[in-house]
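K.L.:
Below is query-v6.csv; it holds CSV, N, CA and C atoms.
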```csv
chain,number,residue,atom,x,y,z
A,1,MET,N,-4.4,-18.2,20.2
A,1,MET,CA,-4.6,-17.1,19.4
A,1,MET,C,-3.4,-16.2,19.5
A,2,THR,N,-2.9,-15.8,18.3
A,2,THR,CA,-1.7,-14.9,18.3
A,2,THR,C,-2.1,-13.6,17.8
A,3,THR,N,-1.5,-12.5,18.3
A,3,THR,CA,-1.7,-11.2,17.9
A,3,THR,C,-0.7,-10.9,16.8
A,4,PRO,N,-1.1,-10.3,15.7
A,4,PRO,CA,-0.2,-9.9,14.6
A,4,PRO,C,0.9,-8.9,15.2
A,5,PRO,N,2.1,-8.9,14.6
A,5,PRO,CA,3.0,-7.9,15.1
A,5,PRO,C,2.6,-6.5,14.6
A,6,PHE,N,3.1,-5.5,15.4
A,6,PHE,CA,2.8,-4.1,15.0
A,6,PHE,C,3.5,-3.8,13.7
A,7,ASP,N,2.9,-2.8,13.0
A,7,ASP,CA,3.4,-2.4,11.7
A,7,ASP,C,3.3,-3.4,10.6
A,8,THR,N,2.3,-4.3,10.7
A,8,THR,CA,1.9,-5.2,9.6
A,8,THR,C,0.4,-5.1,9.3
A,9,VAL,N,0.1,-5.5,8.1
A,9,VAL,CA,-1.3,-5.5,7.7
A,9,VAL,C,-2.0,-6.6,8.5
A,10,ALA,N,-3.0,-6.1,9.3
A,10,ALA,CA,-3.6,-7.0,10.2
A,10,ALA,C,-5.2,-7.1,10.0
A,11,TRP,N,-5.7,-6.3,9.1
A,11,TRP,CA,-7.1,-6.2,8.9
A,11,TRP,C,-7.4,-5.7,7.5
A,12,PHE,N,-8.5,-6.1,6.9
A,12,PHE,CA,-8.9,-5.5,5.7
A,12,PHE,C,-10.4,-5.3,5.7
A,13,GLN,N,-10.9,-4.4,4.9
A,13,GLN,CA,-12.3,-4.1,4.8
A,13,GLN,C,-12.8,-4.0,3.4
A,14,ILE,N,-13.9,-4.6,3.1
A,14,ILE,CA,-14.6,-4.5,1.8
A,14,ILE,C,-15.9,-3.7,2.1
A,15,GLY,N,-16.1,-2.6,1.4
A,15,GLY,CA,-17.3,-1.9,1.5
A,15,GLY,C,-18.2,-2.2,0.3
A,16,SER,N,-19.5,-2.5,0.5
A,16,SER,CA,-20.3,-2.8,-0.6
A,16,SER,C,-21.8,-2.4,-0.3
A,17,ASP,N,-22.4,-1.8,-1.4
A,17,ASP,CA,-23.8,-1.5,-1.3
A,17,ASP,C,-24.6,-2.7,-1.6
A,18,GLN,N,-24.0,-3.9,-1.9
A,18,GLN,CA,-24.6,-5.2,-2.2
A,18,GLN,C,-23.9,-6.2,-1.3
A,19,PRO,N,-24.0,-6.1,0.0
A,19,PRO,CA,-23.2,-7.0,0.9
A,19,PRO,C,-23.5,-8.5,0.7
A,20,ASP,N,-24.7,-8.8,0.5
A,20,ASP,CA,-25.1,-10.3,0.3
A,20,ASP,C,-24.4,-10.8,-0.9
A,21,SER,N,-24.4,-10.0,-2.0
A,21,SER,CA,-23.8,-10.5,-3.2
A,21,SER,C,-22.3,-10.6,-3.1
A,22,VAL,N,-21.6,-9.6,-2.5
A,22,VAL,CA,-20.2,-9.6,-2.3
A,22,VAL,C,-19.7,-10.8,-1.4
A,23,LYS,N,-20.5,-11.0,-0.3
A,23,LYS,CA,-20.2,-12.1,0.6
A,23,LYS,C,-20.3,-13.5,-0.2
A,24,ALA,N,-21.3,-13.6,-1.0
A,24,ALA,CA,-21.5,-14.9,-1.8
A,24,ALA,C,-20.3,-15.0,-2.7
A,25,PHE,N,-19.8,-13.9,-3.3
A,25,PHE,CA,-18.7,-14.0,-4.2
A,25,PHE,C,-17.5,-14.5,-3.5
A,26,TYR,N,-17.1,-13.9,-2.4
A,26,TYR,CA,-15.9,-14.3,-1.7
A,26,TYR,C,-16.1,-15.7,-1.0
A,27,ARG,N,-17.3,-16.0,-0.6
A,27,ARG,CA,-17.5,-17.4,0.0
A,27,ARG,C,-17.2,-18.4,-1.1
A,28,GLU,N,-17.7,-18.2,-2.3
A,28,GLU,CA,-17.5,-19.2,-3.4
A,28,GLU,C,-16.1,-19.2,-3.9
A,29,LEU,N,-15.5,-18.0,-4.0
A,29,LEU,CA,-14.1,-17.9,-4.5
A,29,LEU,C,-13.1,-18.4,-3.6
A,30,PHE,N,-13.2,-18.1,-2.3
A,30,PHE,CA,-12.1,-18.4,-1.3
A,30,PHE,C,-12.6,-19.3,-0.1
A,31,GLY,N,-13.8,-19.5,0.0
A,31,GLY,CA,-14.3,-20.3,1.2
A,31,GLY,C,-14.4,-19.4,2.4
A,32,TRP,N,-14.4,-18.1,2.3
A,32,TRP,CA,-14.5,-17.3,3.5
A,32,TRP,C,-15.9,-17.4,4.2
A,33,ASN,N,-15.9,-17.2,5.5
A,33,ASN,CA,-17.1,-17.3,6.3
A,33,ASN,C,-17.4,-15.9,6.8
A,34,PHE,N,-18.7,-15.6,7.0
A,34,PHE,CA,-19.2,-14.3,7.4
A,34,PHE,C,-20.1,-14.4,8.6
A,35,ALA,N,-20.0,-13.5,9.5
A,35,ALA,CA,-20.9,-13.4,10.7
A,35,ALA,C,-21.1,-12.0,11.1
A,36,ALA,N,-22.3,-11.6,11.5
A,36,ALA,CA,-22.6,-10.3,11.9
A,36,ALA,C,-21.7,-9.9,13.0
A,37,ASP,N,-21.2,-8.7,13.0
A,37,ASP,CA,-20.4,-8.2,14.1
A,37,ASP,C,-21.3,-7.8,15.2
A,38,PRO,N,-21.0,-8.5,16.4
A,38,PRO,CA,-21.9,-8.2,17.5
A,38,PRO,C,-21.8,-6.8,18.1
A,39,ASP,N,-20.7,-6.1,17.7
A,39,ASP,CA,-20.5,-4.7,18.2
A,39,ASP,C,-21.2,-3.7,17.3
A,40,GLU,N,-21.8,-4.1,16.2
A,40,GLU,CA,-22.4,-3.2,15.2
A,40,GLU,C,-23.9,-3.5,15.2
A,41,ASP,N,-24.7,-2.6,14.6
A,41,ASP,CA,-26.1,-2.7,14.5
A,41,ASP,C,-26.5,-3.2,13.1
A,42,GLY,N,-25.9,-4.3,12.6
A,42,GLY,CA,-26.3,-4.9,11.4
A,42,GLY,C,-25.6,-4.3,10.1
A,43,GLY,N,-24.7,-3.4,10.3
A,43,GLY,CA,-24.0,-2.8,9.2
A,43,GLY,C,-22.6,-3.3,8.9
A,44,TYR,N,-22.2,-4.4,9.6
A,44,TYR,CA,-20.8,-4.9,9.4
A,44,TYR,C,-20.8,-6.4,9.6
A,45,ASP,N,-20.2,-7.1,8.8
A,45,ASP,CA,-20.0,-8.6,8.9
A,45,ASP,C,-18.5,-8.9,9.1
A,46,LEU,N,-18.2,-9.7,10.0
A,46,LEU,CA,-16.8,-10.2,10.2
A,46,LEU,C,-16.5,-11.3,9.3
A,47,ILE,N,-15.2,-11.3,8.8
A,47,ILE,CA,-14.8,-12.4,7.8
A,47,ILE,C,-13.8,-13.2,8.6
A,48,THR,N,-14.0,-14.5,8.5
A,48,THR,CA,-13.0,-15.5,9.0
A,48,THR,C,-12.6,-16.4,7.8
A,49,TYR,N,-11.4,-16.9,7.8
A,49,TYR,CA,-11.0,-17.9,6.9
A,49,TYR,C,-11.2,-19.3,7.4
A,50,PRO,N,-11.4,-20.3,6.5
A,50,PRO,CA,-11.6,-21.6,7.0
A,50,PRO,C,-10.3,-22.0,7.8
A,51,GLY,N,-10.6,-22.5,9.0
A,51,GLY,CA,-9.5,-23.0,9.9
A,51,GLY,C,-8.9,-21.9,10.8
A,52,SER,N,-9.3,-20.6,10.6
A,52,SER,CA,-8.8,-19.5,11.5
A,52,SER,C,-9.7,-19.4,12.7
A,53,GLU,N,-9.1,-18.9,13.7
A,53,GLU,CA,-9.9,-18.7,15.0
A,53,GLU,C,-10.4,-17.3,15.2
A,54,MET,N,-9.8,-16.3,14.5
A,54,MET,CA,-10.2,-14.9,14.7
A,54,MET,C,-10.5,-14.3,13.3
A,55,PRO,N,-11.4,-13.3,13.3
A,55,PRO,CA,-11.7,-12.6,12.1
A,55,PRO,C,-10.5,-11.9,11.6
A,56,ALA,N,-10.4,-11.8,10.3
A,56,ALA,CA,-9.2,-11.1,9.6
A,56,ALA,C,-9.7,-9.9,8.8
A,57,GLY,N,-11.0,-9.7,8.7
A,57,GLY,CA,-11.5,-8.6,7.9
A,57,GLY,C,-13.0,-8.4,8.1
A,58,GLY,N,-13.5,-7.5,7.4
A,58,GLY,CA,-15.0,-7.2,7.5
A,58,GLY,C,-15.6,-6.7,6.2
A,59,VAL,N,-16.9,-6.9,6.1
A,59,VAL,CA,-17.7,-6.3,5.0
A,59,VAL,C,-18.5,-5.2,5.6
A,60,ALA,N,-18.3,-3.9,5.2
A,60,ALA,CA,-19.1,-2.8,5.6
A,60,ALA,C,-20.2,-2.6,4.7
A,61,HIS,N,-21.4,-2.5,5.2
A,61,HIS,CA,-22.6,-2.3,4.4
A,61,HIS,C,-22.6,-0.7,4.1
A,62,VAL,N,-22.5,-0.4,2.8
A,62,VAL,CA,-22.5,1.1,2.5
A,62,VAL,C,-23.8,1.4,1.7
A,63,GLY,N,-24.2,2.6,1.7
A,63,GLY,CA,-25.5,3.0,1.1
A,63,GLY,C,-25.6,3.2,-0.4
A,64,ASP,N,-24.4,3.3,-1.0
A,64,ASP,CA,-24.4,3.7,-2.4
A,64,ASP,C,-23.1,3.1,-3.0
A,65,ALA,N,-23.2,2.7,-4.3
A,65,ALA,CA,-22.1,2.1,-5.0
A,65,ALA,C,-20.9,3.1,-5.1
A,66,SER,N,-21.1,4.4,-5.0
A,66,SER,CA,-20.0,5.3,-5.0
A,66,SER,C,-19.1,5.1,-3.7
A,67,ASP,N,-19.6,4.5,-2.7
A,67,ASP,CA,-18.9,4.3,-1.4
A,67,ASP,C,-18.2,2.9,-1.4
A,68,ASN,N,-18.4,2.1,-2.4
A,68,ASN,CA,-17.8,0.7,-2.5
A,68,ASN,C,-16.2,0.9,-2.4
A,69,HIS,N,-15.6,0.0,-1.7
A,69,HIS,CA,-14.1,0.1,-1.5
A,69,HIS,C,-13.5,-1.2,-1.0
A,70,ALA,N,-12.2,-1.2,-1.1
A,70,ALA,CA,-11.4,-2.3,-0.5
A,70,ALA,C,-10.2,-1.6,0.1
A,71,ILE,N,-9.9,-1.8,1.4
A,71,ILE,CA,-8.9,-1.1,2.1
A,71,ILE,C,-8.2,-2.1,3.1
A,72,PHE,N,-6.9,-1.9,3.3
A,72,PHE,CA,-6.2,-2.6,4.3
A,72,PHE,C,-5.9,-1.7,5.5
A,73,TYR,N,-5.7,-2.4,6.6
A,73,TYR,CA,-5.4,-1.7,7.9
A,73,TYR,C,-4.1,-2.2,8.5
A,74,VAL,N,-3.2,-1.3,8.9
A,74,VAL,CA,-1.9,-1.7,9.6
A,74,VAL,C,-2.1,-1.5,11.1
A,75,LEU,N,-1.7,-2.6,11.8
A,75,LEU,CA,-1.7,-2.5,13.3
A,75,LEU,C,-0.5,-1.7,13.8
A,76,VAL,N,-0.8,-0.6,14.5
A,76,VAL,CA,0.3,0.2,15.0
A,76,VAL,C,0.1,0.4,16.5
A,77,GLN,N,1.2,0.9,17.2
A,77,GLN,CA,1.1,1.1,18.6
A,77,GLN,C,0.4,2.5,18.9
A,78,ASP,N,0.6,3.5,18.1
A,78,ASP,CA,0.2,4.8,18.4
A,78,ASP,C,-0.4,5.5,17.1
A,79,VAL,N,-1.7,5.5,17.0
A,79,VAL,CA,-2.3,6.1,15.7
A,79,VAL,C,-1.9,7.6,15.5
A,80,PRO,N,-2.0,8.5,16.5
A,80,PRO,CA,-1.6,9.9,16.3
A,80,PRO,C,-0.1,10.0,15.9
A,81,ALA,N,0.7,9.2,16.5
A,81,ALA,CA,2.2,9.3,16.1
A,81,ALA,C,2.4,8.9,14.6
A,82,VAL,N,1.7,7.8,14.2
A,82,VAL,CA,1.8,7.4,12.8
A,82,VAL,C,1.2,8.4,11.8
A,83,LEU,N,0.1,9.1,12.2
A,83,LEU,CA,-0.4,10.1,11.4
A,83,LEU,C,0.6,11.3,11.2
A,84,SER,N,1.2,11.7,12.3
A,84,SER,CA,2.2,12.7,12.2
A,84,SER,C,3.4,12.3,11.3
A,85,ALA,N,3.9,11.1,11.5
A,85,ALA,CA,5.0,10.5,10.7
A,85,ALA,C,4.6,10.5,9.2
A,86,ALA,N,3.4,10.1,8.9
A,86,ALA,CA,2.9,10.0,7.5
A,86,ALA,C,2.9,11.3,6.9
A,87,GLU,N,2.5,12.4,7.6
A,87,GLU,CA,2.5,13.7,7.0
A,87,GLU,C,3.9,14.2,6.8
A,88,ARG,N,4.8,13.9,7.7
A,88,ARG,CA,6.2,14.3,7.5
A,88,ARG,C,6.8,13.6,6.3
A,89,GLN,N,6.3,12.4,5.9
A,89,GLN,CA,6.8,11.7,4.8
A,89,GLN,C,6.1,12.1,3.5
A,90,GLY,N,5.2,13.0,3.5
A,90,GLY,CA,4.5,13.5,2.3
A,90,GLY,C,3.1,12.9,2.2
A,91,GLY,N,2.6,12.1,3.1
A,91,GLY,CA,1.2,11.6,3.1
A,91,GLY,C,0.3,12.6,3.6
A,92,LYS,N,-1.0,12.2,3.6
A,92,LYS,CA,-2.1,13.1,4.1
A,92,LYS,C,-3.0,12.3,5.0
A,93,VAL,N,-3.5,12.9,6.0
A,93,VAL,CA,-4.5,12.3,6.9
A,93,VAL,C,-5.8,12.4,6.1
A,94,ASP,N,-6.4,11.2,5.9
A,94,ASP,CA,-7.7,11.2,5.2
A,94,ASP,C,-8.9,11.1,6.1
A,95,GLN,N,-8.7,10.5,7.3
A,95,GLN,CA,-9.7,10.5,8.4
A,95,GLN,C,-9.0,10.6,9.7
A,96,GLN,N,-9.4,11.5,10.5
A,96,GLN,CA,-8.8,11.7,11.8
A,96,GLN,C,-9.1,10.5,12.7
A,97,PRO,N,-8.4,10.3,13.8
A,97,PRO,CA,-8.6,9.1,14.6
A,97,PRO,C,-10.1,9.1,15.2
A,98,VAL,N,-10.6,7.9,15.2
A,98,VAL,CA,-11.9,7.6,15.7
A,98,VAL,C,-11.7,6.4,16.7
A,99,THR,N,-12.4,6.5,17.9
A,99,THR,CA,-12.3,5.5,18.9
A,99,THR,C,-13.6,4.7,18.9
A,100,ALA,N,-13.5,3.4,18.7
A,100,ALA,CA,-14.7,2.5,18.7
A,100,ALA,C,-15.2,2.3,20.1
A,101,LYS,N,-16.4,1.7,20.2
A,101,LYS,CA,-16.9,1.4,21.5
A,101,LYS,C,-16.0,0.6,22.4
A,102,ASN,N,-15.3,-0.3,21.7
A,102,ASN,CA,-14.4,-1.3,22.5
A,102,ASN,C,-13.0,-0.7,22.7
A,103,GLY,N,-12.8,0.6,22.4
A,103,GLY,CA,-11.5,1.2,22.6
A,103,GLY,C,-10.5,1.2,21.5
A,104,LEU,N,-10.8,0.4,20.4
A,104,LEU,CA,-9.9,0.4,19.3
A,104,LEU,C,-9.9,1.8,18.6
A,105,VAL,N,-8.7,2.2,18.2
A,105,VAL,CA,-8.6,3.5,17.6
A,105,VAL,C,-8.1,3.3,16.2
A,106,PHE,N,-8.8,4.0,15.2
A,106,PHE,CA,-8.4,3.8,13.8
A,106,PHE,C,-8.5,5.2,13.1
A,107,ALA,N,-7.8,5.3,12.0
A,107,ALA,CA,-7.7,6.4,11.1
A,107,ALA,C,-7.3,6.0,9.7
A,108,LYS,N,-7.5,6.9,8.8
A,108,LYS,CA,-7.1,6.6,7.4
A,108,LYS,C,-6.1,7.6,6.9
A,109,ILE,N,-5.2,7.1,6.0
A,109,ILE,CA,-4.1,7.9,5.5
A,109,ILE,C,-4.1,7.8,4.0
A,110,LEU,N,-3.7,8.8,3.3
A,110,LEU,CA,-3.4,8.8,1.8
A,110,LEU,C,-1.9,8.8,1.7
A,111,ASP,N,-1.4,7.8,1.0
A,111,ASP,CA,0.1,7.7,0.7
A,111,ASP,C,0.4,8.8,-0.3
A,112,THR,N,1.7,8.8,-0.7
A,112,THR,CA,2.2,9.9,-1.6
A,112,THR,C,1.6,9.7,-3.0
A,113,SER,N,1.0,8.6,-3.3
A,113,SER,CA,0.3,8.4,-4.6
A,113,SER,C,-1.2,8.6,-4.5
A,114,GLY,N,-1.7,8.9,-3.3
A,114,GLY,CA,-3.1,9.1,-3.1
A,114,GLY,C,-3.9,7.8,-2.8
A,115,ASN,N,-3.2,6.7,-2.5
A,115,ASN,CA,-3.8,5.5,-2.2
A,115,ASN,C,-4.2,5.5,-0.7
A,116,ALA,N,-5.5,5.2,-0.4
A,116,ALA,CA,-6.0,5.2,1.0
A,116,ALA,C,-5.7,3.9,1.6
A,117,PHE,N,-5.3,4.0,2.9
A,117,PHE,CA,-5.1,2.8,3.8
A,117,PHE,C,-5.4,3.2,5.2
A,118,GLY,N,-5.6,2.3,6.1
A,118,GLY,CA,-5.9,2.6,7.4
A,118,GLY,C,-4.9,2.1,8.4
A,119,VAL,N,-4.9,2.7,9.6
A,119,VAL,CA,-4.0,2.3,10.7
A,119,VAL,C,-5.0,2.1,11.9
A,120,PHE,N,-4.6,1.2,12.8
A,120,PHE,CA,-5.4,1.1,14.0
A,120,PHE,C,-4.5,0.6,15.1
A,121,SER,N,-5.0,0.9,16.3
A,121,SER,CA,-4.3,0.4,17.5
A,121,SER,C,-5.3,-0.4,18.3
A,122,PRO,N,-4.9,-1.4,19.0
A,122,PRO,CA,-5.8,-2.3,19.8
A,122,PRO,C,-6.4,-1.5,20.9
A,123,PRO,N,-7.6,-2.1,21.4
A,123,PRO,CA,-8.1,-1.5,22.7
A,123,PRO,C,-7.1,-1.7,23.8
A,124,PRO,N,-7.2,-0.9,24.8
A,124,PRO,CA,-6.4,-1.1,26.0
A,124,PRO,C,-6.6,-2.4,26.6
A,125,ALA,N,-5.5,-3.0,27.2
A,125,ALA,CA,-5.7,-4.3,27.8
A,125,ALA,C,-6.5,-4.2,29.1
A,126,ASN,N,-7.3,-5.2,29.4
A,126,ASN,CA,-8.1,-5.1,30.6
A,126,ASN,C,-7.3,-5.5,31.8
```
Turn the structure described in the file into structure tokens.
P.N.:
Amino acid sequence: MTTPPFDTVAWFQIGSDQPDSVKAFYRELFGWNFAADPDEDGGYDLITYPGSEMPAGGVAHVGDASDNHAIFYVLVQDVPAVLSAAERQGGKVDQQPVTAKNGLVFAKILDTSGNAFGVFSPPPAN
């Protein structure tokens, strides 16, 4: 298993109020595989590609069509430092850092055109 390099797109998320339908769409279109995320309570499915050993994305179950989305996440070393740098470059913090149960830290940024994307840092090494 290889870890993606820092400052690269390393995860994506599709939010859908119809997760079964969207999973069937991507399964048929690209052959993607889906499995419930064991760290979530039924509201998130992990996506793996045929032949891959690790998930590369997820499907978030959202409550309403107005929350449907597709977003990419960039792996970074220090989420707060990247948020500060983004603001200096004219971007805006869209979601302050959140720490998941496993220690992963993530946040969302709006670029200078208002496009949303995420950044995350891995959990601390054991």
K.L.:
One number please: CA of Ile14 (chain A) to CA of Ala116 (chain A), in Å, one decimal.
P.N.:
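Calculated distance between CA of Ile14 (chain A) and CA of Ala116 (chain A) is 13.0 Å.
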K.L.:
Give me, as a ChimeraX atom specification, the residues of region 3-67 of chain A that a backbone DSSP run labels helix (DSSP H, G or I).
P.N.:
/A:19-30,65-67
K.L.:
Check the smallest atom-to-atom distance from each of A:Val9, A:Met54, A:Ile109, A:Ile47 to Leu83 (chain A) using all atoms listed in the file, then report the winner.
P.N.:
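Among the listed residues, the smallest separation from Leu83 (chain A) belongs to A:Ile109.
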K.L.:
Taking only chain A into account, list the residues labelled strand (DSSP E or B) by DSSP (computed from the backbone), as an NGL selection string.
P.N.:
:A and (8-16 or 33-36 or 44-48 or 57-61 or 69-75 or 92-99 or 105-110 or 116-121)
K.L.:
What gap, in Å, lies between CA of Phe6 (chain A) and atom C of Glu53 (chain A)?
P.N.:
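Atom-to-atom, CA of Phe6 (chain A) to atom C of Glu53 (chain A), that is 18.7 Å.
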K.L.:
Quick check, in Å to one decimal: how far apart do atom N of Ser16 (chain A) and atom N of Gly114 (chain A) lie?
P.N.:
21.5 Å
K.L.:
Using all atoms listed in the file, collect all residues at a distance of at most 8 Å from (-7.4, 12.0, 12.1) as written in the file, then present them as an MDAnalysis selection string.
P.N.:
chainID A and resid 79:80 83 93:98 106:108
K.L.:
With only N, CA and C atoms as the basis for distance, which of A:Gly103, A:Gly31, A:Gly15, A:Gly91 is at the shortest distance from Ala65 (chain A)?
P.N.:
A:Gly15
K.L.:
Set the distance at 5 Å and use all atoms listed in the file: which residues neighbour Ala10 (chain A) once local chain neighbours fewer than 2 positions away are removed? I'd like the list as a list in words.
P.N.:
Thr8, Phe12, Tyr73, Val74 and Leu75 of chain A
K.L.:
Please identify all polymer residues within 10 Å of Lys23 (chain A), counting only C-alpha atoms, omitting same-chain residues fewer than 2 positions from it, and present them as a list in words.
P.N.:
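In the requested form, the answer reads Ile14, Ser16, Gln18, Pro19, Asp20, Ser21, Phe25, Tyr26, Arg27, Glu28, Leu29, Trp32, Asn33, Phe34, Asp45, Ile47, Gly58 and Val59 of chain A.
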K.L.:
Go through A:Asp17, A:Phe117, A:Thr2, A:Ala125 and flag the residue nearest Phe72 (chain A), using all atoms listed in the file for the distances.
P.N.:
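Looking at the shortest contact to Phe72 (chain A), the residue is A:Phe117.
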K.L.:
Tell me which of A:Thr99, A:Gln13, A:Asp7, A:Ala56 sits closest to His69 (chain A), counting all atoms listed in the file.
P.N.:
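So, comparing all the options, the nearest one is A:Gln13.
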